[in-house]
>>> print(open('my_file-v2.cif').read())   # mmCIF, C-alpha atoms
data_coords
#
loop_
_atom_site.group_PDB
_atom_site.id
_atom_site.type_symbol
_atom_site.label_atom_id
_atom_site.label_comp_id
_atom_site.auth_asym_id
_atom_site.auth_seq_id
_atom_site.Cartn_x
_atom_site.Cartn_y
_atom_site.Cartn_z
ATOM 1 C CA MET W 1 -49.739 21.955 -31.526
ATOM 2 C CA LEU W 2 -50.529 20.474 -34.932
ATOM 3 C CA LYS W 3 -47.773 22.548 -36.522
ATOM 4 C CA ASN W 4 -45.225 21.192 -34.030
ATOM 5 C CA VAL W 5 -46.260 17.617 -34.777
ATOM 6 C CA LEU W 6 -46.036 18.194 -38.531
ATOM 7 C CA ARG W 7 -42.679 19.825 -38.063
ATOM 8 C CA LEU W 8 -41.362 16.815 -36.113
ATOM 9 C CA VAL W 9 -42.722 14.439 -38.748
ATOM 10 C CA PHE W 10 -41.058 16.448 -41.493
ATOM 11 C CA VAL W 11 -37.700 16.479 -39.661
ATOM 12 C CA GLY W 12 -37.945 12.734 -39.069
ATOM 13 C CA VAL W 13 -38.674 12.002 -42.717
ATOM 14 C CA PHE W 14 -35.824 14.290 -43.749
ATOM 15 C CA VAL W 15 -33.312 12.551 -41.450
ATOM 16 C CA VAL W 16 -34.414 9.080 -42.586
ATOM 17 C CA GLY W 17 -34.048 10.185 -46.208
ATOM 18 C CA ILE W 18 -30.544 11.519 -45.670
ATOM 19 C CA VAL W 19 -29.475 8.303 -43.899
ATOM 20 C CA GLY W 20 -30.972 6.206 -46.689
ATOM 21 C CA ILE W 21 -29.142 8.174 -49.382
ATOM 22 C CA TRP W 22 -25.850 7.888 -47.444
ATOM 23 C CA GLU W 23 -26.170 4.113 -47.086
ATOM 24 C CA PHE W 24 -26.975 3.768 -50.781
ATOM 25 C CA LEU W 25 -23.938 5.790 -51.818
ATOM 26 C CA ARG W 26 -21.676 3.927 -49.421
ATOM 27 C CA ALA W 27 -22.884 0.559 -50.698
ATOM 28 C CA SER W 28 -22.309 1.669 -54.285
ATOM 29 C CA LYS W 29 -18.729 2.780 -53.337
ATOM 30 C CA VAL W 30 -19.383 6.319 -54.538
ATOM 31 C CA VAL W 31 -18.609 7.807 -51.127
ATOM 32 C CA SER W 32 -15.341 5.889 -50.842
ATOM 33 C CA GLY W 33 -14.342 7.350 -54.199
ATOM 34 C CA TRP W 34 -15.011 10.876 -52.901
ATOM 35 C CA PHE W 35 -12.801 10.342 -49.848
ATOM 36 C CA GLY W 36 -9.754 8.765 -51.512
ATOM 37 C CA GLY W 37 -10.823 5.130 -52.123
ATOM 38 C CA ASN W 38 -10.618 2.046 -49.939
ATOM 39 C CA THR W 39 -7.120 0.921 -50.922
ATOM 40 C CA ALA W 40 -5.952 0.339 -47.356
ATOM 41 C CA THR W 41 -8.975 -1.807 -46.606
ATOM 42 C CA THR W 42 -8.408 -3.790 -49.782
ATOM 43 C CA HIS W 43 -4.761 -4.322 -48.836
ATOM 44 C CA ALA W 44 -5.731 -5.476 -45.366
ATOM 45 C CA VAL W 45 -8.217 -7.977 -46.769
ATOM 46 C CA VAL W 46 -5.664 -9.317 -49.269
ATOM 47 C CA LEU W 47 -3.024 -9.555 -46.519
ATOM 48 C CA GLN W 48 -5.382 -11.512 -44.277
ATOM 49 C CA GLN W 49 -6.268 -13.913 -47.078
ATOM 50 C CA ILE W 50 -2.600 -14.450 -47.920
ATOM 51 C CA GLN W 51 -1.544 -15.035 -44.332
ATOM 52 C CA THR W 52 -4.235 -17.660 -43.805
ATOM 53 C CA LEU W 53 -2.294 -19.823 -46.262
ATOM 54 C CA GLY W 54 0.525 -19.979 -43.689
ATOM 55 C CA LYS W 55 3.668 -21.812 -44.771
ATOM 56 C CA LEU W 56 2.917 -22.733 -48.354
ATOM 57 C CA GLU W 57 4.759 -25.948 -49.288
ATOM 58 C CA LEU W 58 5.652 -25.743 -52.971
ATOM 59 C CA VAL W 59 8.103 -28.573 -53.647
ATOM 60 C CA ARG W 60 9.214 -31.816 -51.997
ATOM 61 C CA TYR W 61 12.468 -33.625 -52.738
ATOM 62 C CA ASN W 62 12.767 -37.304 -51.826
ATOM 63 C CA PHE W 63 16.183 -38.823 -51.180
ATOM 64 C CA LYS W 64 17.703 -42.270 -50.909
ATOM 65 C CA ASP W 65 21.348 -42.460 -49.928
ATOM 66 C CA ILE W 66 24.055 -44.666 -48.430
ATOM 67 C CA ILE W 67 25.856 -43.041 -45.519
ATOM 68 C CA GLU W 68 29.180 -44.279 -44.163
ATOM 69 C CA HIS W 69 30.169 -42.982 -40.756
ATOM 70 C CA GLU W 70 33.429 -43.594 -38.913
ATOM 71 C CA GLN W 71 34.752 -42.509 -35.511
ATOM 72 C CA MET W 72 38.488 -41.892 -35.436
ATOM 73 C CA ARG W 73 40.468 -43.489 -32.594
ATOM 74 C CA GLU W 74 44.136 -43.312 -31.802
ATOM 75 C CA TRP W 75 44.806 -46.851 -30.597
ATOM 76 C CA LEU W 76 41.746 -49.039 -31.166
ATOM 77 C CA PRO W 77 40.122 -49.835 -34.540
ATOM 78 C CA ASN W 78 37.798 -47.107 -35.758
ATOM 79 C CA PRO W 79 34.075 -47.885 -35.187
ATOM 80 C CA GLN W 80 32.225 -47.799 -38.490
ATOM 81 C CA THR W 81 28.637 -48.036 -39.640
ATOM 82 C CA VAL W 82 26.852 -47.964 -42.966
ATOM 83 C CA LEU W 83 23.244 -46.762 -43.257
ATOM 84 C CA VAL W 84 20.775 -46.995 -46.094
ATOM 85 C CA VAL W 85 18.531 -43.973 -45.560
ATOM 86 C CA GLN W 86 15.495 -42.398 -47.160
ATOM 87 C CA GLY W 87 14.312 -38.893 -46.395
ATOM 88 C CA MET W 88 12.793 -35.748 -47.760
ATOM 89 C CA ALA W 89 13.190 -31.970 -47.864
ATOM 90 C CA VAL W 90 10.334 -29.509 -48.375
ATOM 91 C CA GLY W 91 10.677 -26.080 -49.933
ATOM 92 C CA CYS W 92 8.132 -23.457 -48.892
ATOM 93 C CA ILE W 93 7.370 -19.763 -48.555
ATOM 94 C CA ASP W 94 6.245 -18.500 -45.155
ATOM 95 C CA LEU W 95 3.376 -16.177 -46.047
ATOM 96 C CA THR W 96 2.824 -15.219 -42.402
ATOM 97 C CA LYS W 97 5.935 -13.022 -42.740
ATOM 98 C CA ILE W 98 4.184 -10.734 -45.237
ATOM 99 C CA SER W 99 3.162 -7.321 -43.892
ATOM 100 C CA LEU W 100 0.884 -4.612 -45.263
ATOM 101 C CA SER W 101 3.896 -2.732 -46.639
ATOM 102 C CA ASP W 102 4.754 -5.733 -48.837
ATOM 103 C CA ILE W 103 1.552 -5.280 -50.860
ATOM 104 C CA THR W 104 1.069 -2.456 -53.337
ATOM 105 C CA SER W 105 -1.854 -1.980 -55.676
ATOM 106 C CA GLU W 106 -2.359 -0.264 -58.991
ATOM 107 C CA THR W 107 -5.492 -0.048 -61.103
ATOM 108 C CA GLU W 108 -5.259 -3.544 -62.546
ATOM 109 C CA THR W 109 -2.250 -5.080 -60.790
ATOM 110 C CA ILE W 110 -1.275 -6.046 -57.256
ATOM 111 C CA VAL W 111 2.430 -6.417 -56.454
ATOM 112 C CA VAL W 112 3.276 -8.775 -53.591
ATOM 113 C CA HIS W 113 6.797 -8.829 -52.162
ATOM 114 C CA LEU W 114 7.259 -12.372 -50.885
ATOM 115 C CA PRO W 115 9.629 -13.646 -48.192
ATOM 116 C CA ASN W 116 12.581 -15.627 -49.444
ATOM 117 C CA PRO W 117 11.957 -19.282 -50.274
ATOM 118 C CA GLU W 118 13.254 -21.597 -47.572
ATOM 119 C CA ILE W 119 13.580 -25.227 -46.592
ATOM 120 C CA CYS W 120 10.821 -25.471 -44.030
ATOM 121 C CA SER W 121 11.578 -29.085 -43.108
ATOM 122 C CA TYR W 122 14.003 -31.893 -43.841
ATOM 123 C CA GLN W 123 14.146 -35.249 -42.150
ATOM 124 C CA ILE W 124 14.889 -38.937 -42.410
ATOM 125 C CA ASP W 125 12.110 -41.476 -42.753
ATOM 126 C CA HIS W 126 13.268 -44.004 -40.171
ATOM 127 C CA SER W 127 10.577 -46.493 -41.194
ATOM 128 C CA LYS W 128 12.256 -46.776 -44.614
ATOM 129 C CA SER W 129 15.870 -46.527 -43.415
ATOM 130 C CA LYS W 130 18.046 -49.236 -41.944
ATOM 131 C CA VAL W 131 21.481 -49.990 -40.567
ATOM 132 C CA TYR W 132 23.338 -51.952 -43.206
ATOM 133 C CA SER W 133 26.382 -52.861 -41.102
ATOM 134 C CA THR W 134 28.490 -51.887 -38.087
ATOM 135 C CA SER W 135 32.009 -52.840 -37.076
ATOM 136 C CA PHE W 136 34.242 -52.283 -34.049
ATOM 137 C CA ALA W 137 31.435 -50.435 -32.266
ATOM 138 C CA PHE W 138 31.274 -52.697 -29.208
ATOM 139 C CA MET W 139 29.399 -50.843 -26.417
ATOM 140 C CA GLU W 140 29.116 -47.624 -28.438
ATOM 141 C CA GLU W 141 26.983 -48.958 -31.263
ATOM 142 C CA ALA W 142 23.869 -46.928 -30.387
ATOM 143 C CA GLN W 143 25.850 -43.684 -30.202
ATOM 144 C CA LEU W 144 27.625 -44.484 -33.474
ATOM 145 C CA ILE W 145 24.347 -45.110 -35.301
ATOM 146 C CA ASP W 146 22.759 -41.949 -33.865
ATOM 147 C CA GLN W 147 25.684 -39.863 -35.106
ATOM 148 C CA ALA W 148 25.392 -41.480 -38.526
ATOM 149 C CA TYR W 149 21.693 -40.551 -38.738
ATOM 150 C CA GLN W 150 22.503 -36.957 -37.785
ATOM 151 C CA LYS W 151 25.103 -36.872 -40.541
ATOM 152 C CA ALA W 152 22.563 -38.307 -42.990
ATOM 153 C CA GLU W 153 19.975 -35.677 -42.068
ATOM 154 C CA ALA W 154 22.489 -32.848 -42.560
ATOM 155 C CA GLN W 155 23.392 -34.358 -45.918
ATOM 156 C CA ILE W 156 19.727 -34.237 -46.992
ATOM 157 C CA GLN W 157 19.624 -30.496 -46.373
ATOM 158 C CA LYS W 158 22.919 -29.950 -48.176
ATOM 159 C CA SER W 159 21.890 -32.072 -51.154
ATOM 160 C CA ALA W 160 18.551 -30.279 -51.449
ATOM 161 C CA ILE W 161 20.320 -26.921 -51.642
ATOM 162 C CA GLU W 162 22.814 -28.191 -54.206
ATOM 163 C CA MET W 163 19.992 -29.614 -56.329
ATOM 164 C CA GLY W 164 18.259 -26.228 -56.441
ATOM 165 C CA ILE W 165 15.274 -26.695 -54.150
ATOM 166 C CA LEU W 166 15.081 -22.960 -53.362
ATOM 167 C CA THR W 167 15.035 -22.011 -57.038
ATOM 168 C CA GLN W 168 12.391 -24.665 -57.687
ATOM 169 C CA THR W 169 10.320 -23.310 -54.803
ATOM 170 C CA GLN W 170 10.380 -19.837 -56.334
ATOM 171 C CA GLN W 171 9.435 -21.168 -59.772
ATOM 172 C CA ASN W 172 6.537 -23.160 -58.337
ATOM 173 C CA ALA W 173 5.264 -20.058 -56.542
ATOM 174 C CA GLU W 174 4.775 -18.470 -59.955
ATOM 175 C CA LYS W 175 2.853 -21.522 -61.141
ATOM 176 C CA ILE W 176 0.758 -22.140 -58.008
ATOM 177 C CA LEU W 177 0.592 -19.040 -55.817
ATOM 178 C CA LYS W 178 0.210 -16.410 -58.519
ATOM 179 C CA PRO W 179 -3.005 -17.892 -60.044
ATOM 180 C CA LEU W 180 -4.403 -18.392 -56.542
ATOM 181 C CA LEU W 181 -3.844 -14.748 -55.581
ATOM 182 C CA GLU W 182 -5.284 -13.556 -58.891
ATOM 183 C CA LYS W 183 -8.421 -15.528 -58.159
ATOM 184 C CA ILE W 184 -8.657 -14.003 -54.670
ATOM 185 C CA THR W 185 -8.091 -10.404 -55.788
ATOM 186 C CA ASN W 186 -9.627 -10.473 -59.279
ATOM 187 C CA LYS W 187 -6.524 -8.607 -60.457
ATOM 188 C CA LYS W 188 -3.245 -9.426 -62.126
ATOM 189 C CA VAL W 189 -0.595 -10.304 -59.541
ATOM 190 C CA ALA W 190 3.155 -9.707 -59.804
ATOM 191 C CA LEU W 191 5.379 -11.569 -57.343
ATOM 192 C CA ARG W 192 8.638 -10.045 -56.146
ATOM 193 C CA TYR W 193 11.301 -11.436 -53.807
ATOM 194 C CA ARG W 194 13.865 -10.125 -51.391
ATOM 195 C CA LEU W 195 17.554 -10.164 -52.159
ATOM 196 C CA HIS W 196 18.643 -13.638 -51.020
ATOM 197 C CA ALA W 197 17.102 -17.010 -50.265
ATOM 198 C CA THR W 198 17.427 -18.195 -46.670
ATOM 199 C CA LEU W 199 18.185 -21.479 -44.971
ATOM 200 C CA PRO W 200 16.743 -22.799 -41.719
ATOM 201 C CA PRO W 201 18.949 -22.383 -38.623
ATOM 202 C CA LYS W 202 21.413 -25.144 -37.892
ATOM 203 C CA ARG W 203 20.186 -27.764 -35.492
#
>>> encode(input="my_file-v2.cif", output="structure tokens")
Amino acid sequence: MLKNVLRLVFVGVFVVGIVGIWEFLRASKVVSGWFGGNTATTHAVVLQQIQTLGKLELVRYNFKDIIEHEQMREWLPNPQTVLVVQGMAVGCIDLTKISLSDITSETETIVVHLPNPEICSYQIDHSKSKVYSTSFAFMEEAQLIDQAYQKAEAQIQKSAIEMGILTQTQQNAEKILKPLLEKITNKKVALRYRLHATLPPKR
């Protein structure tokens, strides 16, 4: 009877010792080294931290412009309006589009393949815009002004592209996003991009 009890005590101590040694090795990352490392887990953690940033706004262009809009008529005088508008366009990178395959890791460097820079928003600030004049609009003045504002908003997007907002967005990612990711990962980070920058769909 006593031998059986001692045997059970010995087995219990042995099992507890083995478990304790395993937990120590796992905490010290020795075990993970034996079984091929924890690269996938590291990638998943980095991906999650990147995606929590969401759409990262990296540059904002402010615009002030004079828009002339005219409706062509065959017999009557053409309705015309002139607007003084202010608006803005924002360049960003949508980090929620990054997947696990976009992140590769070496000993001291992490390479992140980013989505293309895009214009995530562009709009007119109606509180700072005004109708300068209208003529020959008669009962269609509201429609004429609405069309002029739509034209002005499209012009903001076009002007932002022509002024290089997508290139500026990419350059600012190097200045802002790269140091942030290096702080998160404690490694050097190299940013890569896909082939072409993209524009938002037409409204």
>>> closest_atom_pairs(input="my_file-v2.cif", of="segment 86-121 of chain W", to="segment 148-160 of chain W", cutoff="12 Å", atoms="only C-alpha atoms", output="JSON lines")
{"residue": "W:Gln86", "atom": "CA", "partner": "W:Ala152", "partner_atom": "CA", "distance": 9.2}
{"residue": "W:Gly87", "atom": "CA", "partner": "W:Ile156", "partner_atom": "CA", "distance": 7.2}
{"residue": "W:Met88", "atom": "CA", "partner": "W:Ile156", "partner_atom": "CA", "distance": 7.1}
{"residue": "W:Ala89", "atom": "CA", "partner": "W:Ala160", "partner_atom": "CA", "distance": 6.7}
{"residue": "W:Val90", "atom": "CA", "partner": "W:Ala160", "partner_atom": "CA", "distance": 8.8}
{"residue": "W:Gly91", "atom": "CA", "partner": "W:Ala160", "partner_atom": "CA", "distance": 9.1}
{"residue": "W:Glu118", "atom": "CA", "partner": "W:Ala160", "partner_atom": "CA", "distance": 10.9}
{"residue": "W:Ile119", "atom": "CA", "partner": "W:Gln157", "partner_atom": "CA", "distance": 8.0}
{"residue": "W:Cys120", "atom": "CA", "partner": "W:Gln157", "partner_atom": "CA", "distance": 10.4}
{"residue": "W:Ser121", "atom": "CA", "partner": "W:Gln157", "partner_atom": "CA", "distance": 8.8}
>>> resolve_selection(input="my_file-v2.cif", expression="the PyMOL selection byres ((chain W and resi 45-49) around 12)", output="PyMOL selection string")
chain W and resi 38-44+50-54+95-105+110-114+180-187+189
>>> resolve_selection(input="my_file-v2.cif", expression="the PyMOL selection byres ((chain W and resi 82) around 12)", output="ChimeraX atom specification")
/W:65-70,79-81,83-85,129-135,137,141,144-149,151-152
>>> write_last_selection(input="my_file-v2.cif", atoms="C-alpha atoms", output="CSV table (one decimal), in the coordinates of the input")
chain,number,residue,atom,x,y,z
W,65,ASP,CA,21.3,-42.5,-49.9
W,66,ILE,CA,24.1,-44.7,-48.4
W,67,ILE,CA,25.9,-43.0,-45.5
W,68,GLU,CA,29.2,-44.3,-44.2
W,69,HIS,CA,30.2,-43.0,-40.8
W,70,GLU,CA,33.4,-43.6,-38.9
W,79,PRO,CA,34.1,-47.9,-35.2
W,80,GLN,CA,32.2,-47.8,-38.5
W,81,THR,CA,28.6,-48.0,-39.6
W,83,LEU,CA,23.2,-46.8,-43.3
W,84,VAL,CA,20.8,-47.0,-46.1
W,85,VAL,CA,18.5,-44.0,-45.6
W,129,SER,CA,15.9,-46.5,-43.4
W,130,LYS,CA,18.0,-49.2,-41.9
W,131,VAL,CA,21.5,-50.0,-40.6
W,132,TYR,CA,23.3,-52.0,-43.2
W,133,SER,CA,26.4,-52.9,-41.1
W,134,THR,CA,28.5,-51.9,-38.1
W,135,SER,CA,32.0,-52.8,-37.1
W,137,ALA,CA,31.4,-50.4,-32.3
W,141,GLU,CA,27.0,-49.0,-31.3
W,144,LEU,CA,27.6,-44.5,-33.5
W,145,ILE,CA,24.3,-45.1,-35.3
W,146,ASP,CA,22.8,-41.9,-33.9
W,147,GLN,CA,25.7,-39.9,-35.1
W,148,ALA,CA,25.4,-41.5,-38.5
W,149,TYR,CA,21.7,-40.6,-38.7
W,151,LYS,CA,25.1,-36.9,-40.5
W,152,ALA,CA,22.6,-38.3,-43.0
>>> axis_aligned_box(input="my_file-v2.cif", around="segment 107-118 of chain W", padding_each_side="8 Å", output="lines of an AutoDock Vina configuration file")
center_x = 3.9
center_y = -10.8
center_z = -55.1
size_x = 34.7
size_y = 37.5
size_z = 31.0
>>> closest_residue(input="my_file-v2.cif", among="W:Cys92, W:Met163, W:Pro179, W:Glu140", to="Pro117 of chain W", atoms="all atoms listed in the file")
W:Cys92
>>> atom_distance(input="my_file-v2.cif", atom1="atom CA of Lys188 of chain W", atom2="atom CA of Asn116 of chain W")
21.2 Å
>>> atom_distance(input="my_file-v2.cif", atom1="atom CA of Tyr61 of chain W", atom2="atom CA of Ala173 of chain W")
15.8 Å
>>> atom_distance(input="my_file-v2.cif", atom1="atom CA of Glu106 of chain W", atom2="atom CA of Asn172 of chain W")
24.6 Å
>>> closest_residue(input="my_file-v2.cif", among="W:Leu56, W:Ile124, W:Arg192, W:Thr107", to="Ile176 of chain W", atoms="all atoms listed in the file")
W:Leu56
>>> decode(input="my_file-v2.cif", residues="segment 110-124 of chain W", atoms="C-alpha atoms", output="mmCIF file, in the first residue's frame")
data_model
loop_
_atom_site.group_PDB
_atom_site.id
_atom_site.type_symbol
_atom_site.label_atom_id
_atom_site.label_comp_id
_atom_site.auth_asym_id
_atom_site.auth_seq_id
_atom_site.Cartn_x
_atom_site.Cartn_y
_atom_site.Cartn_z
ATOM 1 C CA ILE W 110 9.588 43.262 -42.794
ATOM 2 C CA VAL W 111 8.339 43.962 -46.323
ATOM 3 C CA VAL W 112 4.772 45.259 -46.590
ATOM 4 C CA HIS W 113 3.064 45.413 -49.982
ATOM 5 C CA LEU W 114 0.613 48.295 -49.690
ATOM 6 C CA PRO W 115 -2.578 48.922 -51.670
ATOM 7 C CA ASN W 116 -2.382 51.698 -54.212
ATOM 8 C CA PRO W 117 -2.792 55.242 -52.905
ATOM 9 C CA GLU W 118 -6.239 56.635 -53.628
ATOM 10 C CA ILE W 119 -8.429 59.680 -53.196
ATOM 11 C CA CYS W 120 -10.627 58.516 -50.359
ATOM 12 C CA SER W 121 -12.801 61.641 -50.356
ATOM 13 C CA TYR W 122 -13.320 64.901 -52.200
ATOM 14 C CA GLN W 123 -16.061 67.409 -51.620
ATOM 15 C CA ILE W 124 -17.154 71.019 -51.626
#
